[in-house]
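Visitor: What follows is my_file_25.txt, made up of compact mmCIF, C-alpha atoms and all ligand atoms:
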```
# COMPACT_ATOMS: atom_id res chain seq x y z
CA MET A 42 -93.17 -122.55 68.02
CA LYS A 43 -94.06 -119.81 70.47
CA PRO A 44 -97.46 -119.50 72.13
CA LEU A 45 -99.81 -117.17 70.26
CA GLY A 46 -100.03 -115.02 73.37
CA GLU A 47 -96.45 -113.88 72.74
CA LEU A 48 -97.38 -112.16 69.45
CA THR A 49 -96.40 -108.52 69.78
CA VAL A 50 -98.30 -105.32 69.10
CA ASP A 51 -95.74 -104.27 66.51
CA ALA A 52 -96.03 -107.54 64.62
CA ALA A 53 -99.84 -107.40 64.56
CA ARG A 54 -99.96 -103.75 63.56
CA GLY A 55 -97.43 -104.17 60.77
CA LEU A 56 -99.62 -106.69 58.95
CA ARG A 57 -101.44 -105.87 55.72
CA ALA A 58 -102.17 -109.36 54.40
CA ILE A 59 -102.86 -112.80 55.84
CA PHE A 60 -102.42 -115.85 53.64
CA THR A 61 -104.07 -119.01 54.95
CA ASP A 62 -104.38 -122.69 54.16
CA ILE A 63 -107.96 -124.01 53.90
CA ASP A 64 -108.24 -127.71 54.89
CA ASP A 65 -107.98 -128.21 58.64
CA THR A 66 -106.83 -124.61 59.01
CA LEU A 67 -110.02 -122.75 58.04
CA THR A 68 -112.19 -125.87 58.05
CA THR A 69 -113.07 -128.18 60.91
CA GLY A 70 -114.12 -131.71 60.06
CA GLY A 71 -114.26 -130.72 56.39
CA ARG A 72 -116.69 -127.82 56.90
CA LEU A 73 -116.18 -124.07 56.96
CA GLY A 74 -117.93 -123.13 60.17
CA PRO A 75 -119.31 -119.79 61.32
CA THR A 76 -116.40 -119.12 63.67
CA ALA A 77 -113.73 -119.27 60.96
CA TYR A 78 -115.93 -117.67 58.29
CA GLY A 79 -116.81 -114.85 60.67
CA ALA A 80 -113.11 -114.35 61.35
CA LEU A 81 -112.52 -113.88 57.61
CA TRP A 82 -115.09 -111.09 57.56
CA ARG A 83 -113.70 -109.44 60.68
CA LEU A 84 -110.20 -109.43 59.19
CA ARG A 85 -111.51 -107.87 55.99
CA ASP A 86 -113.53 -105.28 57.89
CA ALA A 87 -110.37 -104.35 59.79
CA GLY A 88 -108.63 -103.61 56.50
CA LEU A 89 -106.57 -106.79 56.24
CA LEU A 90 -106.28 -108.59 52.91
CA VAL A 91 -106.93 -112.34 53.25
CA VAL A 92 -105.73 -114.83 50.64
CA PRO A 93 -106.64 -118.54 51.00
CA VAL A 94 -103.89 -120.83 49.72
CA THR A 95 -104.81 -124.43 49.02
CA GLY A 96 -103.96 -127.71 47.39
CA ARG A 97 -107.60 -127.87 46.34
CA PRO A 98 -108.49 -127.67 42.65
CA ALA A 99 -108.55 -124.72 40.29
CA GLY A 100 -112.27 -125.50 40.05
CA TRP A 101 -112.64 -124.51 43.69
CA ALA A 102 -110.78 -121.24 43.22
CA ASP A 103 -113.53 -119.63 41.16
CA PRO A 104 -116.34 -119.79 43.75
CA ILE A 105 -113.97 -118.94 46.60
CA ALA A 106 -112.70 -115.83 44.82
CA ARG A 107 -116.28 -114.81 43.98
CA LEU A 108 -118.03 -115.59 47.26
CA TRP A 109 -115.63 -115.30 50.17
CA PRO A 110 -114.45 -111.97 51.66
CA VAL A 111 -110.94 -112.45 50.26
CA ALA A 112 -108.47 -110.57 48.07
CA GLY A 113 -107.87 -113.65 45.92
CA VAL A 114 -107.09 -117.34 46.17
CA VAL A 115 -104.05 -119.46 45.29
CA ALA A 116 -105.10 -123.04 44.41
CA GLU A 117 -103.65 -126.38 43.30
CA ASN A 118 -100.50 -125.87 45.31
CA GLY A 119 -99.62 -122.72 43.41
CA ALA A 120 -100.60 -123.73 39.89
CA VAL A 121 -103.25 -121.00 39.67
CA ALA A 122 -104.43 -117.78 41.32
CA PHE A 123 -107.88 -116.26 40.88
CA TRP A 124 -109.12 -112.88 42.08
CA LEU A 125 -111.77 -110.28 41.39
CA ASP A 126 -110.56 -106.88 40.31
CA GLU A 127 -112.15 -103.67 41.55
CA GLY A 128 -114.77 -103.88 38.80
CA GLY A 129 -115.83 -107.40 39.75
CA ASN A 130 -114.04 -109.03 36.81
CA MET A 131 -112.53 -112.45 37.44
CA CYS A 132 -108.77 -112.44 36.81
CA ARG A 133 -106.46 -115.46 36.73
CA TRP A 134 -102.89 -116.43 36.25
CA TYR A 135 -101.26 -119.82 35.81
CA ALA A 136 -97.81 -121.02 36.88
CA ARG A 137 -97.37 -122.70 33.48
CA PRO A 138 -99.41 -122.76 30.29
CA PRO A 139 -102.59 -124.72 31.12
CA LYS A 140 -102.19 -127.05 28.12
CA GLU A 141 -98.73 -128.08 29.33
CA MET A 142 -99.97 -128.65 32.85
CA LYS A 143 -102.87 -130.78 31.61
CA ALA A 144 -100.53 -132.92 29.48
CA ASP A 145 -98.20 -133.57 32.42
CA GLN A 146 -101.17 -134.23 34.67
CA ALA A 147 -102.42 -136.97 32.33
CA LYS A 148 -99.08 -138.79 32.63
CA LEU A 149 -99.02 -138.46 36.42
CA LEU A 150 -102.59 -139.68 36.65
CA GLU A 151 -101.49 -143.01 35.16
CA LEU A 152 -99.03 -143.38 38.03
CA ALA A 153 -101.70 -142.33 40.53
CA PHE A 154 -104.04 -145.06 39.27
CA ALA A 155 -101.19 -147.61 39.57
CA ILE A 156 -100.56 -146.48 43.17
CA VAL A 157 -104.23 -146.84 44.04
CA ARG A 158 -104.36 -150.31 42.50
CA GLU A 159 -101.43 -151.31 44.73
CA ASN A 160 -102.97 -149.60 47.79
CA PRO A 161 -106.71 -150.25 47.43
CA GLU A 162 -107.46 -148.55 50.75
CA CYS A 163 -106.54 -145.25 49.03
CA ARG A 164 -108.50 -143.50 46.26
CA ILE A 165 -108.05 -140.92 43.60
CA ALA A 166 -109.34 -137.77 45.34
CA ALA A 167 -113.00 -137.02 44.74
CA ASP A 168 -112.11 -133.51 43.52
CA GLN A 169 -109.64 -134.74 40.88
CA ALA A 170 -111.97 -133.83 38.00
CA PHE A 171 -111.69 -130.14 38.89
CA ARG A 172 -107.88 -130.03 38.74
CA ILE A 173 -105.76 -128.79 35.84
CA SER A 174 -102.26 -129.53 37.17
CA ASP A 175 -102.21 -131.72 40.29
CA VAL A 176 -103.10 -135.31 40.80
CA ALA A 177 -104.40 -136.02 44.30
CA VAL A 178 -104.53 -139.35 46.14
CA ASP A 179 -106.93 -139.43 49.06
CA PHE A 180 -105.66 -141.02 52.27
CA ALA A 181 -107.80 -139.23 54.83
CA GLU A 182 -110.82 -137.47 53.31
CA GLU A 183 -113.22 -140.11 52.00
CA VAL A 184 -111.08 -143.07 53.09
CA GLY A 185 -109.29 -143.94 56.30
CA PRO A 186 -107.82 -141.85 57.74
CA LEU A 187 -104.79 -143.93 56.89
CA GLY A 188 -101.47 -143.40 58.61
CA LEU A 189 -98.91 -140.82 57.60
CA GLU A 190 -96.60 -143.73 56.72
CA VAL A 191 -99.01 -144.61 53.90
CA ALA A 192 -99.05 -140.99 52.72
CA GLU A 193 -95.26 -140.82 52.87
CA GLU A 194 -94.93 -143.97 50.76
CA ILE A 195 -97.28 -142.50 48.13
CA ARG A 196 -95.32 -139.25 48.14
CA ARG A 197 -92.10 -141.17 47.65
CA ARG A 198 -93.52 -142.96 44.59
CA PHE A 199 -94.38 -139.66 42.92
CA VAL A 200 -90.99 -138.14 43.73
CA GLU A 201 -89.20 -141.17 42.30
CA ALA A 202 -91.11 -140.55 39.08
CA GLY A 203 -89.69 -137.03 38.91
CA ALA A 204 -92.72 -135.16 40.24
CA THR A 205 -93.04 -132.72 43.11
CA ALA A 206 -95.25 -134.21 45.81
CA LYS A 207 -96.59 -132.89 49.10
CA ILE A 208 -98.71 -134.32 51.90
CA SER A 209 -101.68 -132.31 53.08
CA SER A 210 -103.91 -133.31 55.97
CA ILE A 211 -106.11 -135.35 53.59
CA HIS A 212 -104.37 -135.89 50.21
CA VAL A 213 -101.01 -136.57 48.66
CA ASN A 214 -100.71 -134.03 45.83
CA ALA A 215 -98.26 -134.43 42.96
CA TRP A 216 -97.43 -132.19 40.00
CA GLN A 217 -94.78 -131.29 37.47
CA GLY A 218 -93.18 -127.87 37.59
CA GLU A 219 -91.19 -125.64 39.89
CA HIS A 220 -94.19 -123.94 41.45
CA ASP A 221 -95.53 -124.53 44.92
CA LYS A 222 -97.70 -122.65 47.38
CA ALA A 223 -94.75 -120.46 48.40
CA THR A 224 -93.71 -119.37 44.91
CA ALA A 225 -97.31 -118.59 44.01
CA CYS A 226 -97.95 -116.63 47.20
CA ALA A 227 -94.80 -114.60 46.63
CA ARG A 228 -95.91 -113.80 43.08
CA PHE A 229 -99.49 -112.96 44.06
CA ALA A 230 -98.31 -110.77 46.92
CA ARG A 231 -95.82 -108.93 44.75
CA GLU A 232 -97.91 -108.47 41.61
CA ARG A 233 -101.37 -108.07 43.08
CA LEU A 234 -100.90 -106.72 46.61
CA GLY A 235 -97.62 -104.86 46.16
CA LEU A 236 -95.87 -106.48 49.12
CA ASP A 237 -93.14 -108.96 49.94
CA VAL A 238 -94.16 -112.11 51.81
CA SER A 239 -90.86 -112.12 53.67
CA SER A 240 -91.60 -108.65 55.04
CA ASP A 241 -93.43 -107.78 58.23
CA ALA A 242 -96.54 -106.94 56.19
CA ALA A 243 -97.58 -110.55 55.50
CA ALA A 244 -98.32 -113.64 57.58
CA TYR A 245 -99.29 -117.23 56.85
CA VAL A 246 -101.54 -119.66 58.75
CA GLY A 247 -101.36 -123.41 58.15
CA ASP A 248 -101.46 -126.90 59.58
CA SER A 249 -99.49 -129.49 57.62
CA PRO A 250 -96.35 -130.46 55.63
CA ASN A 251 -97.55 -128.89 52.40
CA ASP A 252 -97.55 -125.57 54.28
CA GLU A 253 -93.89 -125.98 55.17
CA PRO A 254 -92.50 -123.88 52.26
CA LEU A 255 -94.70 -121.05 53.50
CA PHE A 256 -93.64 -121.39 57.11
CA ALA A 257 -90.10 -121.03 55.75
CA ARG A 258 -90.78 -118.13 53.38
CA PHE A 259 -93.02 -115.86 55.45
CA ALA A 260 -91.34 -113.79 58.13
CA LEU A 261 -94.38 -114.36 60.35
CA SER A 262 -96.41 -117.56 60.43
CA PHE A 263 -98.98 -119.29 62.59
CA GLY A 264 -99.88 -122.94 63.11
CA VAL A 265 -103.28 -124.07 64.27
CA ALA A 266 -102.98 -126.59 67.12
CA ASN A 267 -103.40 -129.64 64.87
CA VAL A 268 -100.04 -128.87 63.22
CA LYS A 269 -98.57 -130.66 66.24
CA ARG A 270 -99.69 -133.90 64.56
CA PHE A 271 -96.73 -133.41 62.21
CA ALA A 272 -94.17 -132.70 64.91
CA GLY A 273 -90.78 -133.95 63.78
CA ARG A 274 -91.85 -133.99 60.12
CA LEU A 275 -91.50 -130.25 59.54
CA ALA A 276 -88.07 -128.80 58.82
CA HIS A 277 -89.64 -125.35 59.13
CA GLU A 278 -92.25 -124.80 61.82
CA PRO A 279 -94.60 -121.82 62.17
CA THR A 280 -93.49 -118.94 64.37
CA TYR A 281 -96.53 -119.06 66.66
CA LEU A 282 -98.89 -121.84 67.69
CA ALA A 283 -102.59 -121.43 68.45
CA SER A 284 -104.02 -123.37 71.35
CA ARG A 285 -107.12 -124.40 69.38
CA ALA A 286 -107.32 -126.64 66.33
CA CYS A 287 -108.58 -126.13 62.78
CA GLY A 288 -111.10 -123.33 62.12
CA GLU A 289 -111.31 -122.42 65.79
CA GLY A 290 -107.53 -122.06 65.79
CA PHE A 291 -107.68 -119.76 62.77
CA ALA A 292 -110.27 -117.62 64.52
CA GLU A 293 -108.04 -117.53 67.60
CA VAL A 294 -105.16 -116.22 65.47
CA ALA A 295 -107.42 -113.64 63.81
CA GLU A 296 -108.85 -112.40 67.10
CA ARG A 297 -105.38 -112.09 68.63
CA ILE A 298 -104.19 -110.01 65.68
CA LEU A 299 -107.31 -107.85 65.69
CA ALA A 300 -107.17 -107.28 69.45
CA LEU A 301 -103.57 -106.11 69.25
CA ARG A 302 -104.30 -103.84 66.28
CA ALA A 303 -107.50 -102.32 67.58
CA GLY A 304 -107.17 -102.24 71.34
CA PRO A 305 -106.05 -99.29 73.43
CA VAL A 306 -102.31 -98.91 73.04
CA VAL A 307 -101.50 -99.23 76.71
CA ASP A 308 -103.60 -102.39 77.14
CA ALA A 309 -102.08 -104.00 74.07
CA VAL A 310 -98.57 -103.17 75.19
CA LEU A 311 -99.21 -104.66 78.61
CA GLU A 312 -100.73 -107.77 77.05
CA ALA A 313 -97.77 -108.21 74.72
CA GLY A 314 -95.19 -107.55 77.36
CA GLY A 315 -94.12 -104.05 76.32
CA GLY A 316 -92.13 -102.57 73.49
CA ALA A 317 -94.48 -100.27 71.57
CA ALA A 318 -95.76 -97.74 74.05
CA THR A 319 -94.99 -94.78 71.84
CA ARG A 320 -96.79 -96.08 68.78
CA LYS A 321 -100.24 -94.92 67.80
CA PRO A 322 -102.84 -97.41 66.60
CA THR A 323 -102.90 -97.90 62.86
CA SER A 324 -105.98 -96.61 61.12
CA GLY A 325 -106.71 -99.81 59.13
CA GLY A 326 -110.03 -99.77 57.34
CA ARG A 327 -111.27 -101.59 54.30
CA THR A 328 -110.73 -98.64 52.03
CA ALA A 329 -107.01 -98.57 52.81
CA GLY A 330 -106.64 -102.25 51.95
CA ARG A 331 -108.50 -101.94 48.70
CA GLY A 332 -106.63 -98.86 47.70
CA ARG A 333 -103.32 -100.60 48.03
CA ALA A 334 -104.52 -103.62 46.13
CA SER A 335 -105.82 -101.47 43.30
CA ARG A 336 -102.41 -100.08 42.54
CA SER A 337 -100.98 -103.18 40.98
CA GLY A 338 -101.48 -106.30 39.07
CA SER A 339 -105.01 -106.44 37.74
CA GLY A 340 -103.84 -106.14 34.18
CA ARG A 341 -101.55 -109.14 34.44
CA GLY A 342 -104.18 -111.80 34.76
CA ARG A 343 -106.66 -113.11 32.27
CA ARG A 344 -110.02 -111.48 32.56
CA SER A 345 -113.29 -113.06 31.72
CA GLY A 346 -116.80 -111.83 32.23
CA ARG A 347 -118.29 -109.54 34.81
CA ARG A 348 -119.68 -110.52 38.14
CA ARG A 349 -123.37 -110.89 38.08
MG MG B 1 -104.28 -128.07 55.59
```
Write the structure described by the file as structure tokens, please.
Guide:
Amino acid sequence: MKPLGELTVDAARGLRAIFTDIDDTLTTGGRLGPTAYGALWRLRDAGLLVVPVTGRPAGWADPIARLWPVAGVVAENGAVAFWLDEGGNMCRWYARPPKEMKADQAKLLELAFAIVRENPECRIAADQAFRISDVAVDFAEEVGPLGLEVAEEIRRRFVEAGATAKISSIHVNAWQGEHDKATACARFARERLGLDVSSDAAAYVGDSPNDEPLFARFALSFGVANVKRFAGRLAHEPTYLASRACGEGFAEVAERILALRAGPVVDAVLEAGGGAATRKPTSGGRTAGRGRASRSGSGRGRRSGRRR
């Protein structure tokens, strides 16, 4: 992982979309503070498309897509994506038919209850009721925090049962199906935003092992400082590391990108160590971002109701 200060002008100016984890990447101590939330608005106002990507429930995706300054949201580790189209209509897609996901979830939930009975210091996650695919065992949100060894043992139990399982900073999430955050981001980027996540146009920000497939898939990625907690447990690390943790780290990443994109060319080149002196600043602007997004994808999702 390279220091964030080594991010180049070219890399920052080539970006069109920033995908980001939520827990302990946008949030600090479980809350979305003004620093990180303000950074989301500044990125949007600079013409960048922001897409939160989370292991949190489908039930959380609806208010996030409606209320936050984002181009959409990928939730439940890639099981669903929600977004508002240009007319304010909520659109959704699912990695698998929802009825199938619910049926598999019911079976996995039996295993989750057995795990919690054997490990009474853990709990079924408080947000389980709002999920349609995942089961989530809490080891660090409303209990503990318990050690990563406990989380790893829970993950192993789910994997032995044939499920996919990932450790976030607070939960162990398990599900059936081939999807994960990376497959869903790639699909959302391609179908909705018209870009490839392995290109220079997209970046990812995260903090924990369930972000690892994204650190591997995105050409450009950032870790907030708390990702160092998982040192040695990540086969794929982010490209750059912020010096600050959680939401303040996300804001640090955002401000670095915005400074390189918006600043005078000569200053930015000097700050980045050279290499782009002949380039002109990109125009950016919210209209450009929206225009690109409007060219694809809105007809692929399910639509329901108009924004009030
Ligand atoms: Mg996280």
Visitor: Grab the atom CA of A:Ala303 to atom CA of A:Arg233 distance for me, in Å with one decimal place.
Guide: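 Interatomic distance here is 25.9 Å.
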Visitor: So which residues touch A:Ser210 within 10 Å, counting all atoms listed in the file, skipping near sequence neighbours fewer than 3 positions away, as an MDAnalysis selection string?
Guide: chainID A and resid 64:66 179:182 186 189 192 213 248:251 267:268 270:271
Visitor: Quick one: of A:Phe259, A:Tyr245, A:Asn118, A:Phe60, who's nearest to A:Leu282, counting only C-alpha atoms?
Guide: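 Result for the nearest residue to A:Leu282: A:Tyr245.
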Visitor: Using all atoms listed in the file, pick whichever of A:Thr76, A:Gln169, A:Leu299, A:Pro110 has the shortest atom-to-atom distance to A:Ala147.
Guide: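 Looking at the shortest contact to A:Ala147, the residue is A:Gln169.
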Visitor: Each residue of stretch 195-232 of chain A with at least one atom at most 12 Å from stretch 151-157 of chain A should appear once, together with its nearest atom pair and the corresponding distance in Å (one decimal); atoms considered: only C-alpha atoms; ordering: chain, then increasing residue number; output as a Markdown table.
Guide:
```
| residue | atom | partner | partner_atom | distance |
| --- | --- | --- | --- | --- |
| A:Ile195 | CA | A:Ile156 | CA | 7.2 |
| A:Arg196 | CA | A:Ile156 | CA | 10.2 |
| A:Arg197 | CA | A:Ile156 | CA | 10.9 |
| A:Arg198 | CA | A:Ile156 | CA | 8.0 |
| A:Phe199 | CA | A:Leu152 | CA | 7.7 |
| A:Val200 | CA | A:Leu152 | CA | 11.2 |
| A:Glu201 | CA | A:Leu152 | CA | 10.9 |
| A:Ala202 | CA | A:Leu152 | CA | 8.5 |
| A:Gly203 | CA | A:Leu152 | CA | 11.3 |
| A:Ala204 | CA | A:Leu152 | CA | 10.6 |
| A:Ala206 | CA | A:Ala153 | CA | 11.6 |
| A:His212 | CA | A:Ala153 | CA | 11.9 |
| A:Val213 | CA | A:Ala153 | CA | 10.0 |
| A:Asn214 | CA | A:Ala153 | CA | 9.9 |
| A:Ala215 | CA | A:Ala153 | CA | 9.0 |
| A:Trp216 | CA | A:Ala153 | CA | 11.0 |
```
Visitor: Using all atoms listed in the file, which residue out of A:Ile211, A:Ala225, A:Val121, A:Ala300 lies closest to ligand MG 1 (chain B)?
Guide: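 Closest residue, counting all atoms listed in the file: A:Ile211.
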Visitor: Wanna dump the stretch 199-310 of chain A-stretch 80-85 of chain A contacts at 9 Å for me, each residue with its shortest atom pair and the distance in Å to one decimal, counting all atoms listed in the file, ordered by chain and number, as JSON lines?
Guide:
```
{"residue": "A:Phe291", "atom": "CA", "partner": "A:Ala80", "partner_atom": "CA", "distance": 7.8}
{"residue": "A:Ala292", "atom": "CA", "partner": "A:Ala80", "partner_atom": "CA", "distance": 5.4}
{"residue": "A:Glu293", "atom": "CA", "partner": "A:Ala80", "partner_atom": "CA", "distance": 8.7}
{"residue": "A:Ala295", "atom": "CA", "partner": "A:Ala80", "partner_atom": "CA", "distance": 6.2}
{"residue": "A:Glu296", "atom": "CA", "partner": "A:Ala80", "partner_atom": "CA", "distance": 7.4}
{"residue": "A:Ile298", "atom": "CA", "partner": "A:Leu84", "partner_atom": "CA", "distance": 8.9}
{"residue": "A:Leu299", "atom": "CA", "partner": "A:Leu84", "partner_atom": "CA", "distance": 7.3}
```
Visitor: Please, what distance in Å, to one decimal, runs between atom CA of A:Arg302 and atom CA of A:Arg228?
Guide: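 For atom CA of A:Arg302 relative to atom CA of A:Arg228, the distance reads 26.6 Å.
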Visitor: Name the closest residue to ligand MG 1 (chain B) among the candidates A:Gly264, A:Gly273, A:Gly46, A:Gly247; distances are taken between atoms, counting only C-alpha atoms and all ligand atoms.
Guide: A:Gly247
Visitor: Kindly indicate which residue among A:Leu301, A:Ala242, A:Val294, A:Ala87 lies nearest to A:Leu56, using all atoms listed in the file for the distances.
Guide: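 Once distances to A:Leu56 are computed over all atoms listed in the file, the minimum belongs to A:Ala242.
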Visitor: Which residues are near A:Pro93? Cut-off 12 Å, all atoms listed in the file, ignore same chain within fewer than 3 positions. Put them as a PyMOL selection string.
Guide: chain A and resi 58-64+66-68+78+81+90+96-97+101-102+105-106+109-119+122-124+222+225-226+229+244-247+252+291
Visitor: Find the distance between atom CA of A:Arg164 and atom CA of A:Leu150 and write it in Å to one decimal.
Guide: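 Atom CA of A:Arg164 sits 11.9 Å away from atom CA of A:Leu150.
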Visitor: For each of A:Gly71, A:Pro44, A:Gly129, A:Pro161, take the minimum atom-to-atom distance to ligand MG 1 (chain B), counting all atoms listed in the file, then give the residue where this is smallest.
Guide: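 With all atoms listed in the file as the atom set, the closest residue is A:Gly71.
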Visitor: Please output stretch 98-112 of chain A, rebuilt to include N, CA and C atoms, as a PDB file, in the frame of the given file.
Guide:
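Okay, out-v6.pdb is ready:
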```
ATOM      1  N   PRO A  98    -108.539-127.883  44.097  1.00  0.00           N
ATOM      2  CA  PRO A  98    -108.490-127.670  42.650  1.00  0.00           C
ATOM      3  C   PRO A  98    -108.700-126.229  42.189  1.00  0.00           C
ATOM      4  N   ALA A  99    -108.242-125.980  40.960  1.00  0.00           N
ATOM      5  CA  ALA A  99    -108.550-124.720  40.290  1.00  0.00           C
ATOM      6  C   ALA A  99    -110.060-124.502  40.242  1.00  0.00           C
ATOM      7  N   GLY A 100    -110.800-125.604  40.100  1.00  0.00           N
ATOM      8  CA  GLY A 100    -112.270-125.500  40.050  1.00  0.00           C
ATOM      9  C   GLY A 100    -112.879-124.977  41.332  1.00  0.00           C
ATOM     10  N   TRP A 101    -112.152-125.094  42.430  1.00  0.00           N
ATOM     11  CA  TRP A 101    -112.640-124.510  43.690  1.00  0.00           C
ATOM     12  C   TRP A 101    -112.292-123.023  43.788  1.00  0.00           C
ATOM     13  N   ALA A 102    -111.257-122.610  43.070  1.00  0.00           N
ATOM     14  CA  ALA A 102    -110.780-121.240  43.220  1.00  0.00           C
ATOM     15  C   ALA A 102    -111.813-120.222  42.742  1.00  0.00           C
ATOM     16  N   ASP A 103    -112.553-120.576  41.707  1.00  0.00           N
ATOM     17  CA  ASP A 103    -113.530-119.630  41.160  1.00  0.00           C
ATOM     18  C   ASP A 103    -114.599-119.244  42.179  1.00  0.00           C
ATOM     19  N   PRO A 104    -115.320-120.209  42.765  1.00  0.00           N
ATOM     20  CA  PRO A 104    -116.340-119.790  43.750  1.00  0.00           C
ATOM     21  C   PRO A 104    -115.758-119.145  44.997  1.00  0.00           C
ATOM     22  N   ILE A 105    -114.565-119.569  45.417  1.00  0.00           N
ATOM     23  CA  ILE A 105    -113.970-118.940  46.600  1.00  0.00           C
ATOM     24  C   ILE A 105    -113.653-117.477  46.315  1.00  0.00           C
ATOM     25  N   ALA A 106    -113.044-117.216  45.158  1.00  0.00           N
ATOM     26  CA  ALA A 106    -112.700-115.830  44.820  1.00  0.00           C
ATOM     27  C   ALA A 106    -113.964-114.971  44.669  1.00  0.00           C
ATOM     28  N   ARG A 107    -115.050-115.572  44.192  1.00  0.00           N
ATOM     29  CA  ARG A 107    -116.280-114.810  43.980  1.00  0.00           C
ATOM     30  C   ARG A 107    -117.070-114.591  45.263  1.00  0.00           C
ATOM     31  N   LEU A 108    -117.062-115.590  46.159  1.00  0.00           N
ATOM     32  CA  LEU A 108    -118.030-115.590  47.260  1.00  0.00           C
ATOM     33  C   LEU A 108    -117.460-115.230  48.619  1.00  0.00           C
ATOM     34  N   TRP A 109    -116.196-115.543  48.839  1.00  0.00           N
ATOM     35  CA  TRP A 109    -115.630-115.300  50.170  1.00  0.00           C
ATOM     36  C   TRP A 109    -115.099-113.859  50.265  1.00  0.00           C
ATOM     37  N   PRO A 110    -114.984-113.342  51.490  1.00  0.00           N
ATOM     38  CA  PRO A 110    -114.450-111.970  51.660  1.00  0.00           C
ATOM     39  C   PRO A 110    -112.917-111.957  51.597  1.00  0.00           C
ATOM     40  N   VAL A 111    -112.379-112.290  50.419  1.00  0.00           N
ATOM     41  CA  VAL A 111    -110.940-112.450  50.260  1.00  0.00           C
ATOM     42  C   VAL A 111    -110.411-111.606  49.113  1.00  0.00           C
ATOM     43  N   ALA A 112    -109.096-111.372  49.122  1.00  0.00           N
ATOM     44  CA  ALA A 112    -108.470-110.570  48.070  1.00  0.00           C
ATOM     45  C   ALA A 112    -108.086-111.408  46.866  1.00  0.00           C
TER      46      ALA A 112
END
```
